[in-house]
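Structure, as structure tokens:
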Amino acid sequence: MTDTKRIALVTGANKGIGLEIARQLAEAGVAVVLGARDLTRGQDAANGLAETGLAAEAIEIDLNDEKTIASAAEQIAARHGRLDILVNNAGIVDAEDGPPSAATTGAARRLMETNFLGTLAVTQAMLPLLRRSSAGRIVNLSTTLGSLAINGDPTSPYYEARLIGYNASKAALNMLTVQLAAELKDTPIVVNSVAPGYVRTDLTGGNGFMSPAEGARLPVKYALLGSDAASGRFVEPQGDAPW
Ligand code: NAP
């Protein structure tokens with residue numbers, strides 16, 4: 001089956017920034033597949049979009065369960081034949097995370113498993129479908145906290161945000177962006193890390209300077225980049241972010 005619309009998969013799209021990314025992509029005319037580890041929650045979110053006239057479908061995809069990742073890739077292949085946009089949005093924080101002296105290794109392992117290894121697994125599974133696109137776009141939801149430079153800068157407002165598990169998992173995600181962009185430099189696939197800003201979601205306990213819709217804007221912009229798009233960048237709302 002050949003779709004004329006661009007096809008996007010957004011992981012963790014049942015709520016928060018991911019749901020708003022899905023909504024804004026659908027508003028831009030993209031056929032959106034909402035990834036959710038709980039299919040019921042994903043379907044509820046897709047129904048919510050449908051109620052506002054936006055077509056979207058849900059798919060089960062749990063970053064910690066490679067069977068669901070492989071199955072999601074098979075289903076997207078069967079339904080759409082390719083993927084044009086992958087937004088690696090799903091991510092977690094962990095209550096046992098903290099500074100290097102105090103975080104539990106269990107928390108660090110869970111964060112690495114989901115935010116880095118899970119995202120790597122999804123990316124690998126979707127890459128064959130992205131290679132079938134004339135202009136594949138991969139957006140990795142990173143954070144300023146994943147910047148080695150900012151973590152080491154005493155003048156940065158984020159200097160005291162010592163979450164070794166979360167920050168290291170997002171630094172590793174940034175490495176995926178850099179290496180994959182280099183590996184794919186002779187292809188039409190563009191890969192970037194996007195820090196959305198400080199957004200009021202469950203992940204931040206409702207704290208933040210931006211609504212989820214505002215936080216979705218930059219990831220959506222990078223999902224919809226045109227043909228001369230730069231690859232291997234790390235951006236935040238103010239501009240380029242330091243690695
Ligand atoms: P959120 O509201 O907590 O949403 C996180 C989403 O990820 C949910 O849909 C959640 O599903 C899903 N998820 C978690 N673990 C998963 C797994 N193993 N498999 C599949 N889905 C999983 O958080 P958010 O603030 O929107 O965060 C979205 C992304 O932005 C994250 O990568 C986060 O690190 C990044 N980010 C957020 C901020 C911020 O200020 N909010 C700043 C920088 C970066 P469930 O509903 O099933 O839990």
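Convention: chains lettered A, B, ... in structure tokens order; per-chain residue numbering from 1; ligands numbered from 1 as shown.
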
Could you give me the residues within 7 Å of ligand 1, counting only C-alpha atoms and all ligand atoms, as a tab-separated table (two decimals) with all heavy atoms, in the first residue's frame?
```
chain	number	residue	atom	x	y	z
A	11	THR	N	6.80	7.94	19.52
A	11	THR	CA	6.74	7.04	20.67
A	11	THR	C	6.29	7.82	21.90
A	11	THR	O	6.49	9.04	22.00
A	11	THR	CB	8.11	6.37	20.94
A	11	THR	OG1	9.08	7.37	21.25
A	11	THR	CG2	8.56	5.56	19.74
A	12	GLY	N	5.67	7.11	22.84
A	12	GLY	CA	5.16	7.79	24.05
A	12	GLY	C	4.20	8.90	23.71
A	12	GLY	O	4.23	9.98	24.31
A	13	ALA	N	3.27	8.60	22.79
A	13	ALA	CA	2.40	9.67	22.25
A	13	ALA	C	1.05	9.72	22.94
A	13	ALA	O	0.18	10.47	22.51
A	13	ALA	CB	2.22	9.48	20.75
A	14	ASN	N	0.87	8.95	24.01
A	14	ASN	CA	-0.45	8.95	24.65
A	14	ASN	C	-0.67	10.14	25.56
A	14	ASN	O	-1.80	10.41	25.97
A	14	ASN	CB	-0.69	7.64	25.43
A	14	ASN	CG	0.41	7.33	26.42
A	14	ASN	OD1	1.51	6.99	26.00
A	14	ASN	ND2	0.13	7.45	27.70
A	15	LYS	N	0.41	10.88	25.88
A	15	LYS	CA	0.23	12.05	26.76
A	15	LYS	C	1.43	12.98	26.61
A	15	LYS	O	2.39	12.68	25.88
A	15	LYS	CB	0.07	11.62	28.22
A	15	LYS	CG	1.34	11.02	28.84
A	15	LYS	CD	1.12	10.71	30.31
A	15	LYS	CE	2.41	10.23	30.97
A	15	LYS	NZ	2.26	9.90	32.37
A	16	GLY	N	1.39	14.08	27.33
A	16	GLY	CA	2.53	14.98	27.42
A	16	GLY	C	2.96	15.57	26.08
A	16	GLY	O	2.14	15.83	25.20
A	17	ILE	N	4.26	15.78	25.94
A	17	ILE	CA	4.80	16.40	24.73
A	17	ILE	C	4.52	15.51	23.51
A	17	ILE	O	4.20	16.01	22.43
A	17	ILE	CB	6.32	16.64	24.89
A	17	ILE	CG1	6.60	17.58	26.07
A	17	ILE	CG2	6.91	17.24	23.61
A	17	ILE	CD1	8.09	17.66	26.47
A	18	GLY	N	4.61	14.19	23.69
A	18	GLY	CA	4.41	13.26	22.57
A	18	GLY	C	3.03	13.40	21.96
A	18	GLY	O	2.89	13.40	20.72
A	36	ALA	N	2.33	3.75	22.02
A	36	ALA	CA	2.03	3.77	23.45
A	36	ALA	C	2.35	2.40	24.02
A	36	ALA	O	2.07	1.38	23.38
A	36	ALA	CB	0.56	4.10	23.70
A	37	ARG	N	2.94	2.38	25.21
A	37	ARG	CA	3.24	1.05	25.79
A	37	ARG	C	1.98	0.38	26.26
A	37	ARG	O	1.93	-0.85	26.38
A	37	ARG	CB	4.27	1.16	26.90
A	37	ARG	CG	3.91	2.02	28.06
A	37	ARG	CD	4.99	1.96	29.12
A	37	ARG	NE	4.99	3.13	29.98
A	37	ARG	CZ	5.84	3.31	30.97
A	37	ARG	NH1	6.73	2.40	31.22
A	37	ARG	NH2	5.79	4.40	31.70
A	38	ASP	N	0.94	1.16	26.56
A	38	ASP	CA	-0.38	0.63	26.90
A	38	ASP	C	-1.31	0.99	25.76
A	38	ASP	O	-1.66	2.16	25.58
A	38	ASP	CB	-0.85	1.26	28.22
A	38	ASP	CG	-2.21	0.75	28.64
A	38	ASP	OD1	-3.11	0.62	27.77
A	38	ASP	OD2	-2.40	0.49	29.84
A	61	ILE	N	3.84	-0.01	21.53
A	61	ILE	CA	5.30	-0.03	21.43
A	61	ILE	C	5.89	0.35	22.79
A	61	ILE	O	5.72	1.47	23.26
A	61	ILE	CB	5.81	0.84	20.26
A	61	ILE	CG1	7.32	0.75	20.12
A	61	ILE	CG2	5.36	2.28	20.35
A	61	ILE	CD1	7.84	1.15	18.75
A	62	ASP	N	6.51	-0.66	23.41
A	62	ASP	CA	7.12	-0.48	24.73
A	62	ASP	C	8.63	-0.53	24.54
A	62	ASP	O	9.16	-1.54	24.06
A	62	ASP	CB	6.65	-1.61	25.67
A	62	ASP	CG	7.19	-1.47	27.08
A	62	ASP	OD1	8.21	-0.77	27.29
A	62	ASP	OD2	6.61	-2.10	27.99
A	63	LEU	N	9.31	0.53	24.90
A	63	LEU	CA	10.76	0.61	24.68
A	63	LEU	C	11.52	-0.48	25.43
A	63	LEU	O	12.67	-0.77	25.09
A	63	LEU	CB	11.30	1.99	25.09
A	63	LEU	CG	11.31	3.05	23.99
A	63	LEU	CD1	9.95	3.32	23.41
A	63	LEU	CD2	11.93	4.35	24.49
A	64	ASN	N	10.88	-1.05	26.44
A	64	ASN	CA	11.55	-2.10	27.22
A	64	ASN	C	11.15	-3.50	26.77
A	64	ASN	O	11.47	-4.47	27.43
A	64	ASN	CB	11.21	-1.93	28.72
A	64	ASN	CG	11.66	-0.59	29.25
A	64	ASN	OD1	10.92	0.09	29.94
A	64	ASN	ND2	12.88	-0.19	28.92
A	89	ASN	N	10.29	10.04	21.28
A	89	ASN	CA	9.84	10.92	22.36
A	89	ASN	C	9.75	10.21	23.71
A	89	ASN	O	9.99	10.84	24.75
A	89	ASN	CB	8.48	11.51	21.99
A	89	ASN	CG	7.80	12.17	23.18
A	89	ASN	OD1	8.14	13.29	23.55
A	89	ASN	ND2	6.87	11.45	23.81
A	90	ALA	N	9.40	8.93	23.72
A	90	ALA	CA	9.15	8.24	24.99
A	90	ALA	C	10.38	8.34	25.89
A	90	ALA	O	11.51	8.18	25.44
A	90	ALA	CB	8.80	6.78	24.74
A	91	GLY	N	10.14	8.61	27.16
A	91	GLY	CA	11.25	8.71	28.09
A	91	GLY	C	10.74	8.76	29.51
A	91	GLY	O	9.55	8.99	29.76
A	92	ILE	N	11.66	8.52	30.44
A	92	ILE	CA	11.29	8.47	31.86
A	92	ILE	C	12.28	9.26	32.71
A	92	ILE	O	13.42	9.52	32.30
A	92	ILE	CB	11.25	7.01	32.39
A	92	ILE	CG1	12.61	6.31	32.19
A	92	ILE	CG2	10.12	6.23	31.75
A	92	ILE	CD1	12.78	5.03	32.99
A	114	THR	N	15.60	2.50	29.18
A	114	THR	CA	14.48	3.11	28.45
A	114	THR	C	14.97	4.23	27.54
A	114	THR	O	14.76	4.19	26.32
A	114	THR	CB	13.43	3.67	29.45
A	114	THR	OG1	12.95	2.59	30.24
A	114	THR	CG2	12.27	4.31	28.70
A	115	ASN	N	15.63	5.22	28.12
A	115	ASN	CA	15.91	6.45	27.36
A	115	ASN	C	16.96	6.25	26.29
A	115	ASN	O	16.90	6.89	25.23
A	115	ASN	CB	16.36	7.57	28.32
A	115	ASN	CG	15.27	7.99	29.29
A	115	ASN	OD1	14.12	7.57	29.15
A	115	ASN	ND2	15.62	8.79	30.27
A	141	LEU	N	14.18	13.21	21.31
A	141	LEU	CA	13.84	14.16	22.37
A	141	LEU	C	14.92	14.11	23.45
A	141	LEU	O	14.97	13.19	24.26
A	141	LEU	CB	12.47	13.82	22.97
A	141	LEU	CG	11.27	14.57	22.39
A	141	LEU	CD1	11.16	15.98	22.92
A	141	LEU	CD2	11.27	14.55	20.88
A	142	SER	N	15.77	15.11	23.40
A	142	SER	CA	16.86	15.21	24.36
A	142	SER	C	16.52	16.30	25.38
A	142	SER	O	15.36	16.68	25.54
A	142	SER	CB	18.15	15.52	23.60
A	142	SER	OG	19.25	15.49	24.47
A	143	THR	N	17.51	16.79	26.06
A	143	THR	CA	17.32	17.82	27.07
A	143	THR	C	18.64	18.56	27.27
A	143	THR	O	19.71	17.98	27.08
A	143	THR	CB	16.87	17.21	28.42
A	143	THR	OG1	17.07	18.17	29.45
A	143	THR	CG2	17.65	15.97	28.78
A	144	THR	N	18.53	19.79	27.69
A	144	THR	CA	19.72	20.55	28.04
A	144	THR	C	20.52	19.80	29.10
A	144	THR	O	21.74	19.89	29.16
A	144	THR	CB	19.28	21.94	28.58
A	144	THR	OG1	18.28	22.45	27.70
A	144	THR	CG2	20.42	22.90	28.64
A	195	ALA	N	16.00	19.56	22.30
A	195	ALA	CA	15.60	19.81	23.69
A	195	ALA	C	14.37	20.71	23.64
A	195	ALA	O	14.44	21.82	23.10
A	195	ALA	CB	16.74	20.49	24.45
A	196	PRO	N	13.25	20.24	24.17
A	196	PRO	CA	12.01	21.00	23.97
A	196	PRO	C	11.86	22.24	24.83
A	196	PRO	O	11.03	23.11	24.55
A	196	PRO	CB	10.92	19.98	24.33
A	196	PRO	CG	11.58	19.06	25.31
A	196	PRO	CD	13.02	18.99	24.91
A	197	GLY	N	12.67	22.36	25.90
A	197	GLY	CA	12.45	23.40	26.92
A	197	GLY	C	11.90	22.74	28.18
A	197	GLY	O	11.80	21.51	28.24
A	198	TYR	N	11.58	23.54	29.17
A	198	TYR	CA	11.08	23.02	30.46
A	198	TYR	C	9.55	23.03	30.37
A	198	TYR	O	8.93	24.10	30.37
A	198	TYR	CB	11.62	23.90	31.58
A	198	TYR	CG	11.40	23.39	32.99
A	198	TYR	CD1	11.23	22.04	33.26
A	198	TYR	CD2	11.37	24.27	34.06
A	198	TYR	CE1	11.05	21.59	34.56
A	198	TYR	CE2	11.18	23.84	35.37
A	198	TYR	CZ	11.02	22.49	35.60
A	198	TYR	OH	10.83	22.04	36.89
A	199	VAL	N	8.96	21.84	30.30
A	199	VAL	CA	7.55	21.70	29.90
A	199	VAL	C	6.73	21.07	31.03
A	199	VAL	O	7.16	20.08	31.64
A	199	VAL	CB	7.47	20.82	28.62
A	199	VAL	CG1	6.03	20.74	28.15
A	199	VAL	CG2	8.36	21.38	27.53
A	200	ARG	N	5.55	21.61	31.27
A	200	ARG	CA	4.67	21.12	32.33
A	200	ARG	C	4.02	19.80	31.92
A	200	ARG	O	3.04	19.79	31.16
A	200	ARG	CB	3.58	22.15	32.63
A	200	ARG	CG	4.10	23.45	33.23
A	200	ARG	CD	2.97	24.40	33.59
A	200	ARG	NE	2.27	24.92	32.42
A	200	ARG	CZ	2.64	25.99	31.72
A	200	ARG	NH1	3.73	26.67	32.05
A	200	ARG	NH2	1.94	26.39	30.68
A	201	THR	N	4.60	18.68	32.37
A	201	THR	CA	4.05	17.36	32.09
A	201	THR	C	4.16	16.50	33.36
A	201	THR	O	4.71	16.95	34.36
A	201	THR	CB	4.85	16.65	30.96
A	201	THR	OG1	6.18	16.44	31.44
A	201	THR	CG2	4.87	17.45	29.68
A	202	ASP	N	3.70	15.26	33.27
A	202	ASP	CA	3.85	14.35	34.41
A	202	ASP	C	5.32	14.14	34.74
A	202	ASP	O	5.69	13.99	35.91
A	202	ASP	CB	3.18	13.00	34.09
A	202	ASP	CG	1.67	13.11	34.06
A	202	ASP	OD1	1.14	14.16	34.51
A	202	ASP	OD2	1.02	12.16	33.58
A	203	LEU	N	6.17	14.14	33.72
A	203	LEU	CA	7.60	13.89	33.92
A	203	LEU	C	8.23	14.95	34.83
A	203	LEU	O	9.15	14.66	35.59
A	203	LEU	CB	8.30	13.84	32.56
A	203	LEU	CG	9.78	13.47	32.52
A	203	LEU	CD1	10.05	12.47	31.40
A	203	LEU	CD2	10.64	14.70	32.31
A	204	THR	N	7.75	16.17	34.75
A	204	THR	CA	8.30	17.26	35.58
A	204	THR	C	7.41	17.54	36.79
A	204	THR	O	7.57	18.59	37.43
A	204	THR	CB	8.44	18.56	34.75
A	204	THR	OG1	7.14	18.93	34.26
A	204	THR	CG2	9.39	18.39	33.59
A	208	GLY	N	7.25	23.72	35.06
A	208	GLY	CA	7.85	24.08	33.78
A	208	GLY	C	7.38	25.44	33.32
A	208	GLY	O	6.45	26.01	33.89
A	212	PRO	N	2.61	21.68	27.14
A	212	PRO	CA	3.02	20.60	26.23
A	212	PRO	C	2.93	21.01	24.76
A	212	PRO	O	3.80	20.64	23.97
A	212	PRO	CB	2.05	19.47	26.59
A	212	PRO	CG	1.72	19.71	28.03
A	212	PRO	CD	1.66	21.20	28.18
```

Just the strand (DSSP E) stuff from stretch 39-202 of chain A, please, per backbone DSSP, written as a PyMOL selection string. chain A and resi 56-60+85-88+137-141+190-194

Writer output for current selection, C-alpha atoms, as a compact mmCIF listing (two decimals), in the first residue's frame:
```txt
# COMPACT_ATOMS: atom_id res chain seq x y z
CA ALA A 56 -4.47 9.07 13.93
CA GLU A 57 -3.93 5.44 14.79
CA ALA A 58 -2.41 3.83 17.86
CA ILE A 59 0.16 1.08 18.06
CA GLU A 60 1.63 -0.82 21.02
CA ILE A 85 9.27 10.60 10.40
CA LEU A 86 10.35 8.91 13.62
CA VAL A 87 10.01 10.98 16.78
CA ASN A 88 11.82 9.22 19.62
CA ARG A 137 13.52 12.51 9.58
CA ILE A 138 14.52 11.26 13.03
CA VAL A 139 13.96 13.53 16.03
CA ASN A 140 15.43 12.45 19.36
CA LEU A 141 13.84 14.16 22.37
CA VAL A 190 18.32 13.49 8.78
CA VAL A 191 18.84 12.91 12.52
CA ASN A 192 18.73 15.61 15.20
CA SER A 193 18.51 15.97 18.98
CA VAL A 194 15.90 18.45 20.14
```

Could you list, as a VMD selection string, every residue within 8 Å of A:Arg82, counting only C-alpha atoms and ignoring same-chain residues fewer than 6 positions away? chain A and resid 7 76 129 to 133

Show me, as a PyMOL selection string, the residues that have an atom within 10 Å of stretch 152-168 of chain A when counting only C-alpha atoms, minus same-chain residues fewer than 3 positions from it. chain A and resi 91-94+96-112+115-116+142-149+171-174

Take the selection from the previous step and output its residues with C-alpha atoms, as a PDB file, in the first residue's frame.
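Wrote it out as selection38.pdb, contents follow:
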```pdb
ATOM      1  CA  GLY A  91      11.249   8.708  28.092  1.00  0.00           C
ATOM      2  CA  ILE A  92      11.289   8.468  31.858  1.00  0.00           C
ATOM      3  CA  VAL A  93      12.719   9.980  34.997  1.00  0.00           C
ATOM      4  CA  ASP A  94      13.256   7.857  38.106  1.00  0.00           C
ATOM      5  CA  GLU A  96      15.797   6.870  42.798  1.00  0.00           C
ATOM      6  CA  ASP A  97      17.913   9.029  40.488  1.00  0.00           C
ATOM      7  CA  GLY A  98      20.111  11.765  41.969  1.00  0.00           C
ATOM      8  CA  PRO A  99      23.709  12.940  42.166  1.00  0.00           C
ATOM      9  CA  PRO A 100      26.483  10.420  41.415  1.00  0.00           C
ATOM     10  CA  SER A 101      27.095   9.838  45.143  1.00  0.00           C
ATOM     11  CA  ALA A 102      23.492   8.903  45.895  1.00  0.00           C
ATOM     12  CA  ALA A 103      21.530   7.672  42.856  1.00  0.00           C
ATOM     13  CA  THR A 104      20.839   3.958  42.910  1.00  0.00           C
ATOM     14  CA  THR A 105      22.471   1.899  40.189  1.00  0.00           C
ATOM     15  CA  GLY A 106      19.032   0.384  39.627  1.00  0.00           C
ATOM     16  CA  ALA A 107      17.669   3.802  38.685  1.00  0.00           C
ATOM     17  CA  ALA A 108      20.624   4.505  36.410  1.00  0.00           C
ATOM     18  CA  ARG A 109      20.099   1.128  34.734  1.00  0.00           C
ATOM     19  CA  ARG A 110      16.348   1.710  34.232  1.00  0.00           C
ATOM     20  CA  LEU A 111      16.994   5.154  32.766  1.00  0.00           C
ATOM     21  CA  MET A 112      19.638   3.834  30.398  1.00  0.00           C
ATOM     22  CA  ASN A 115      15.908   6.452  27.364  1.00  0.00           C
ATOM     23  CA  PHE A 116      18.958   5.136  25.506  1.00  0.00           C
ATOM     24  CA  SER A 142      16.857  15.213  24.358  1.00  0.00           C
ATOM     25  CA  THR A 143      17.324  17.818  27.075  1.00  0.00           C
ATOM     26  CA  THR A 144      19.720  20.554  28.044  1.00  0.00           C
ATOM     27  CA  LEU A 145      20.494  18.262  31.004  1.00  0.00           C
ATOM     28  CA  GLY A 146      22.063  15.841  28.501  1.00  0.00           C
ATOM     29  CA  SER A 147      24.737  18.386  27.577  1.00  0.00           C
ATOM     30  CA  LEU A 148      28.194  17.535  28.964  1.00  0.00           C
ATOM     31  CA  ALA A 149      29.191  21.188  28.510  1.00  0.00           C
ATOM     32  CA  ALA A 171      23.993  12.290  26.784  1.00  0.00           C
ATOM     33  CA  ALA A 172      24.065   8.741  25.393  1.00  0.00           C
ATOM     34  CA  LEU A 173      21.020   9.577  23.267  1.00  0.00           C
ATOM     35  CA  ASN A 174      22.917  12.599  21.928  1.00  0.00           C
TER      36      ASN A 174
END
```

Taking the DSSP secondary structure from the backbone, can you list the residues of stretch 13-229 of chain A that are helix (DSSP H, G or I), as a ChimeraX atom specification? /A:16-27,39-51,66-80,105-130,144-146,148-151,164-183,202-204,212-223

Might you pull out every residue within 8 Å of A:Leu25, with only C-alpha atoms counted and same-chain residues fewer than 5 positions away left off, and present them as a ChimeraX atom specification? /A:8,30-32,220

Would you put the residues from that selection into a file with N, CA and C atoms, as a compact mmCIF listing (two decimals), in the first residue's frame?
```
# COMPACT_ATOMS: atom_id res chain seq x y z
N ALA A 8 4.27 9.26 10.11
CA ALA A 8 5.11 9.50 11.29
C ALA A 8 4.78 8.51 12.40
N VAL A 30 0.16 15.17 8.28
CA VAL A 30 0.93 13.92 8.37
C VAL A 30 0.02 12.82 8.93
N ALA A 31 0.15 11.61 8.42
CA ALA A 31 -0.56 10.46 8.99
C ALA A 31 0.25 9.98 10.19
N VAL A 32 -0.34 10.07 11.37
CA VAL A 32 0.43 9.84 12.59
C VAL A 32 0.07 8.50 13.23
N VAL A 220 8.47 19.28 16.40
CA VAL A 220 7.67 19.21 15.16
C VAL A 220 8.40 19.91 14.02
```

Atom pair atom CA of A:Asp84 / atom CA of A:Thr40: separation (Å):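 That distance, rounded to one decimal, is 25.0 Å.
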
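Atom CA of A:Glu183 to atom CA of A:Glu113 spans 22.8 Å [interatomic distance, one decimal].
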
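Across A:Ser71, A:Ala22, A:Ile189, A:Lys5, the tightest approach to A:Arg217 is made by A:Ala22 when counting only C-alpha atoms.
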
One decimal place gives the atom CA of A:Leu49-atom CA of A:Leu19 separation as 9.1 Å
